[in-house]
Amino acid sequence: MDIHEIISQINNKGYKLISDFLNSYCIINGSYQSLEEIQKMSLENFNYRVRKNVPIKLYKYFSNSTIRKNNEEVNYSIQALENNTVFMQKPSEFDDVYDSGLNLDFDEYQILILKEYCKYCEIDISQKSSLEEIGDEFVKSLHQSYMDNGNFYSAFKKQPITEIGKGSIKLFCFKLQDELNQSQIKSKSFDLGKVVPKIICEDYNEKSSKLKDIFRTSCFSTNPYSQPMWALYSNHHKGFCVEYSILQNEERYHDIYYNLFPMIYCKIRPSVSEDLFNVFDFDITEEHLRVIYLHGALRKSIDWVFQNEWRLLLPEGDENISDFKVNFFPITRVFLGNRMSKKERLKIINICKKRNIQYECVILNSNVFEMQSCNNLK
């Protein structure tokens, strides 16, 4: 991707400020596209467009570092090279704190959940508009229920249509009762007006966390010579980079191929609170998946655009995942880091020779700030 070309195109379109561009466009697989168009696109159409531009080669950087596990020295990078597997990681463990996170606005979520509870308690809130007003009506209903019946559950005169939804209300009431019991044990005052927001906050945090880890993922680049990637993910150039040939027409790889997607690099994070409010009370729909993909799992800050990342996404518990590893496309080349020791270099070369894999050393270009291959290895 040529940043000068992008800036030139921005200027030709009349944008005076880069921020105007970032608010309106995203960068996908090295080209900029209308953010509004992408956000409105169905998942089927997005997938169709993606299939037209899947690279024939993808690259993954490995640290080649050893860790101690169960009193043994383990090198997962070597295992991946020898077994032709990739590790499927939880997004919550990535270095980008925003990675796969969906923008669930807490205040918006509170209003949505309180309105939902009021509906089942048959509380008329048509004239109430603020969070405080709706919350006060709900708390009054809970208090009256406890005074009349000795429990909070009887406040909910109607029930959701799903068993999961019914279970959510029972869990909410159980937490209320538990807070009340704990306050009595500790001889502390029980303030229902403070306990309800606390429980809603806990529920919000739990759902946000679950949404982030619905998928496991493995990340790939389109460039084996990226200096930042070598520094960040290949142990400061001491590791190696693996090239995979993407065989889209071979049936045995179809499950992997059709779950490969490019990242959407942009500045904007729209709130999806309303879109995903009931996602845990019903089966996940295609619309839910569209929001989770295009606003979370595949969206990343423009700061990371240098990665030009493609991502393998598989649902947690997918049958293709064994011990959090997946058999991937065939390895066709290995690039050895510029700072790799002679001992480690020979170790990787021997593995490549046994598996009939080409290998190259990555060296510094003396004329420009770029990495390049050196084939003079024996």
# chains A, B, ... in the order shown; residues from 1 in each chain; ligands from 1
>>> select_by_dssp(residues="stretch 125-293 of chain A", states="helix (DSSP H, G or I)", output="PDB file with C-alpha atoms, in the first residue's frame")
ATOM      1  CA  LEU A 131     -32.276   6.918  32.978  1.00  0.00           C
ATOM      2  CA  GLU A 132     -32.967   8.137  36.529  1.00  0.00           C
ATOM      3  CA  GLU A 133     -36.732   8.316  36.006  1.00  0.00           C
ATOM      4  CA  ILE A 134     -36.957   4.829  34.511  1.00  0.00           C
ATOM      5  CA  GLY A 135     -34.661   3.436  37.193  1.00  0.00           C
ATOM      6  CA  ASP A 136     -36.740   4.984  39.997  1.00  0.00           C
ATOM      7  CA  GLU A 137     -39.944   3.381  38.691  1.00  0.00           C
ATOM      8  CA  PHE A 138     -38.287  -0.011  38.443  1.00  0.00           C
ATOM      9  CA  VAL A 139     -36.772   0.198  41.940  1.00  0.00           C
ATOM     10  CA  LYS A 140     -40.191   1.184  43.390  1.00  0.00           C
ATOM     11  CA  SER A 141     -41.744  -1.876  41.769  1.00  0.00           C
ATOM     12  CA  LEU A 142     -39.064  -4.191  43.203  1.00  0.00           C
ATOM     13  CA  HIS A 143     -39.425  -2.653  46.648  1.00  0.00           C
ATOM     14  CA  GLN A 144     -43.208  -3.025  46.620  1.00  0.00           C
ATOM     15  CA  SER A 145     -42.904  -6.633  45.462  1.00  0.00           C
ATOM     16  CA  TYR A 146     -40.622  -7.462  48.359  1.00  0.00           C
ATOM     17  CA  MET A 147     -42.861  -5.710  50.881  1.00  0.00           C
ATOM     18  CA  ASP A 148     -45.979  -7.521  49.612  1.00  0.00           C
ATOM     19  CA  ASN A 149     -44.579 -10.973  48.812  1.00  0.00           C
ATOM     20  CA  TYR A 153     -39.322 -12.143  41.472  1.00  0.00           C
ATOM     21  CA  SER A 154     -43.062 -11.514  41.833  1.00  0.00           C
ATOM     22  CA  ALA A 155     -42.493  -7.984  40.459  1.00  0.00           C
ATOM     23  CA  GLU A 163     -35.918 -20.007  28.474  1.00  0.00           C
ATOM     24  CA  ILE A 164     -32.642 -18.084  28.442  1.00  0.00           C
ATOM     25  CA  GLY A 165     -34.529 -14.827  28.940  1.00  0.00           C
ATOM     26  CA  LYS A 166     -36.503 -16.320  31.829  1.00  0.00           C
ATOM     27  CA  GLY A 167     -33.261 -17.552  33.344  1.00  0.00           C
ATOM     28  CA  SER A 168     -31.743 -14.068  33.074  1.00  0.00           C
ATOM     29  CA  ILE A 169     -34.586 -12.567  35.153  1.00  0.00           C
ATOM     30  CA  LYS A 170     -34.291 -15.340  37.759  1.00  0.00           C
ATOM     31  CA  LEU A 171     -30.531 -14.722  37.969  1.00  0.00           C
ATOM     32  CA  PHE A 172     -31.104 -10.986  38.383  1.00  0.00           C
ATOM     33  CA  CYS A 173     -33.543 -11.611  41.259  1.00  0.00           C
ATOM     34  CA  PHE A 174     -31.166 -14.137  42.821  1.00  0.00           C
ATOM     35  CA  LYS A 175     -28.382 -11.527  42.823  1.00  0.00           C
ATOM     36  CA  LEU A 176     -30.721  -8.992  44.421  1.00  0.00           C
ATOM     37  CA  GLN A 177     -31.633 -11.466  47.162  1.00  0.00           C
ATOM     38  CA  ASP A 178     -27.983 -12.376  47.680  1.00  0.00           C
ATOM     39  CA  GLU A 179     -27.037  -8.706  48.093  1.00  0.00           C
ATOM     40  CA  LEU A 180     -29.859  -8.317  50.618  1.00  0.00           C
ATOM     41  CA  ASN A 181     -28.725 -11.413  52.558  1.00  0.00           C
ATOM     42  CA  GLN A 182     -25.117 -10.237  52.613  1.00  0.00           C
ATOM     43  CA  SER A 183     -26.120  -6.813  53.913  1.00  0.00           C
ATOM     44  CA  GLN A 184     -28.130  -8.438  56.734  1.00  0.00           C
ATOM     45  CA  ILE A 185     -25.226 -10.735  57.678  1.00  0.00           C
ATOM     46  CA  LEU A 192     -31.964  -1.052  46.412  1.00  0.00           C
ATOM     47  CA  GLY A 193     -31.294   2.085  44.355  1.00  0.00           C
ATOM     48  CA  LYS A 194     -27.544   1.362  44.469  1.00  0.00           C
ATOM     49  CA  VAL A 195     -27.696  -2.427  44.231  1.00  0.00           C
ATOM     50  CA  VAL A 196     -29.715  -2.505  40.982  1.00  0.00           C
ATOM     51  CA  PRO A 197     -27.158  -0.403  38.996  1.00  0.00           C
ATOM     52  CA  LYS A 198     -24.346  -2.522  40.472  1.00  0.00           C
ATOM     53  CA  ILE A 199     -25.913  -5.769  39.217  1.00  0.00           C
ATOM     54  CA  ILE A 200     -26.663  -4.242  35.806  1.00  0.00           C
ATOM     55  CA  CYS A 201     -23.022  -3.106  35.584  1.00  0.00           C
ATOM     56  CA  GLU A 202     -21.806  -6.634  36.370  1.00  0.00           C
ATOM     57  CA  ASP A 203     -24.132  -8.029  33.712  1.00  0.00           C
ATOM     58  CA  TYR A 204     -22.857  -5.473  31.193  1.00  0.00           C
ATOM     59  CA  ASN A 205     -19.210  -6.341  31.873  1.00  0.00           C
ATOM     60  CA  GLU A 206     -19.906 -10.064  31.614  1.00  0.00           C
ATOM     61  CA  LYS A 207     -21.720  -9.732  28.290  1.00  0.00           C
ATOM     62  CA  SER A 208     -19.033  -7.428  26.861  1.00  0.00           C
ATOM     63  CA  SER A 209     -16.373  -9.968  27.762  1.00  0.00           C
ATOM     64  CA  LYS A 210     -18.319 -12.888  26.260  1.00  0.00           C
ATOM     65  CA  LEU A 211     -18.926 -11.011  23.016  1.00  0.00           C
ATOM     66  CA  LYS A 212     -15.203 -10.421  22.626  1.00  0.00           C
ATOM     67  CA  GLN A 227      10.045  -4.317   9.995  1.00  0.00           C
ATOM     68  CA  PRO A 228       7.395  -3.573  12.659  1.00  0.00           C
ATOM     69  CA  MET A 229       6.052  -7.131  12.355  1.00  0.00           C
ATOM     70  CA  TRP A 230       9.525  -8.630  12.700  1.00  0.00           C
ATOM     71  CA  ALA A 231      10.134  -6.464  15.756  1.00  0.00           C
ATOM     72  CA  LEU A 232       6.744  -7.053  17.434  1.00  0.00           C
ATOM     73  CA  TYR A 233       6.013 -10.692  16.689  1.00  0.00           C
ATOM     74  CA  GLU A 251     -12.036 -28.907  -0.986  1.00  0.00           C
ATOM     75  CA  ARG A 252     -10.140 -30.054   2.122  1.00  0.00           C
ATOM     76  CA  TYR A 253      -9.275 -26.407   2.865  1.00  0.00           C
ATOM     77  CA  HIS A 254     -12.745 -24.925   2.258  1.00  0.00           C
ATOM     78  CA  ASP A 255     -13.643 -24.559   5.955  1.00  0.00           C
ATOM     79  CA  ILE A 256     -10.444 -22.587   6.509  1.00  0.00           C
ATOM     80  CA  TYR A 257     -10.632 -20.598   3.299  1.00  0.00           C
ATOM     81  CA  GLU A 286     -27.066 -13.458  10.736  1.00  0.00           C
ATOM     82  CA  GLU A 287     -27.639  -9.821  11.707  1.00  0.00           C
ATOM     83  CA  HIS A 288     -25.923 -10.443  15.046  1.00  0.00           C
ATOM     84  CA  LEU A 289     -23.000 -12.039  13.212  1.00  0.00           C
ATOM     85  CA  ARG A 290     -22.816  -9.121  10.787  1.00  0.00           C
ATOM     86  CA  VAL A 291     -22.482  -6.667  13.662  1.00  0.00           C
ATOM     87  CA  ILE A 292     -19.982  -8.865  15.549  1.00  0.00           C
ATOM     88  CA  TYR A 293     -17.833  -9.296  12.422  1.00  0.00           C
TER      89      TYR A 293
END
>>> residues_around(residues="A:Gly239", least_positions_apart="4", cutoff="10 Å", atoms="only C-alpha atoms", output="list in words")
Tyr61, Phe62, Ser63, Asn64, Ser65, Ser77, Trp230, Ala231, Tyr233, Ser234, Asn235, Phe335, Leu336, Gly337, Asn338, Arg339, Met340, Ser341, Glu344, Arg345 and Ile348 of chain A
>>> select_by_dssp(residues="stretch 42-151 of chain A", states="strand (DSSP E or B)", output="list in words")
Lys57, Leu58, Tyr59, Lys60, Tyr61, Phe62, Ile67, Arg68, Lys69, Glu72, Glu73, Val74, Thr85, Val86, Phe87 and Gln89 of chain A
>>> write_last_selection(atoms="C-alpha atoms", output="tab-separated table (two decimals), in the first residue's frame")
chain	number	residue	atom	x	y	z
A	57	LYS	CA	0.17	-16.16	-0.08
A	58	LEU	CA	-0.21	-15.28	3.61
A	59	TYR	CA	2.52	-14.92	6.21
A	60	LYS	CA	2.73	-15.52	9.94
A	61	TYR	CA	5.52	-14.27	12.20
A	62	PHE	CA	6.84	-16.55	14.97
A	67	ILE	CA	8.79	-21.21	27.51
A	68	ARG	CA	8.64	-23.51	30.50
A	69	LYS	CA	5.40	-25.48	30.89
A	72	GLU	CA	9.38	-28.86	30.33
A	73	GLU	CA	10.85	-26.48	27.77
A	74	VAL	CA	8.30	-25.87	25.00
A	85	THR	CA	-0.73	-25.81	12.50
A	86	VAL	CA	-1.68	-22.35	13.71
A	87	PHE	CA	-2.78	-21.48	17.24
A	89	GLN	CA	-6.13	-17.40	20.33
>>> closest_residue(among="A:Phe369, A:Phe324, A:Tyr117, A:Tyr244", to="A:Lys90", atoms="only C-alpha atoms")
A:Phe324
>>> closest_residue(among="A:Ser273, A:Phe94, A:Pro315, A:Val362", to="A:Ile111", atoms="only C-alpha atoms")
A:Ser273
>>> closest_residue(among="A:Phe220, A:Phe156, A:Phe21, A:Trp304", to="A:Ile264", atoms="only C-alpha atoms")
A:Trp304
>>> atom_distance(atom1="atom CA of A:Asn259", atom2="atom CA of A:Ile351")
28.8 Å
>>> closest_residue(among="A:Ile56, A:Leu81, A:Ile123, A:Leu298", to="A:Leu43", atoms="only C-alpha atoms")
A:Leu298
>>> residues_around(residues="stretch 26-28 of chain A", least_positions_apart="6", cutoff="12 Å", atoms="only C-alpha atoms", output="MDAnalysis selection string")
chainID A and resid 1:3 6 19:20 34:39 46 49:50 53:54 261:269 294 298:310
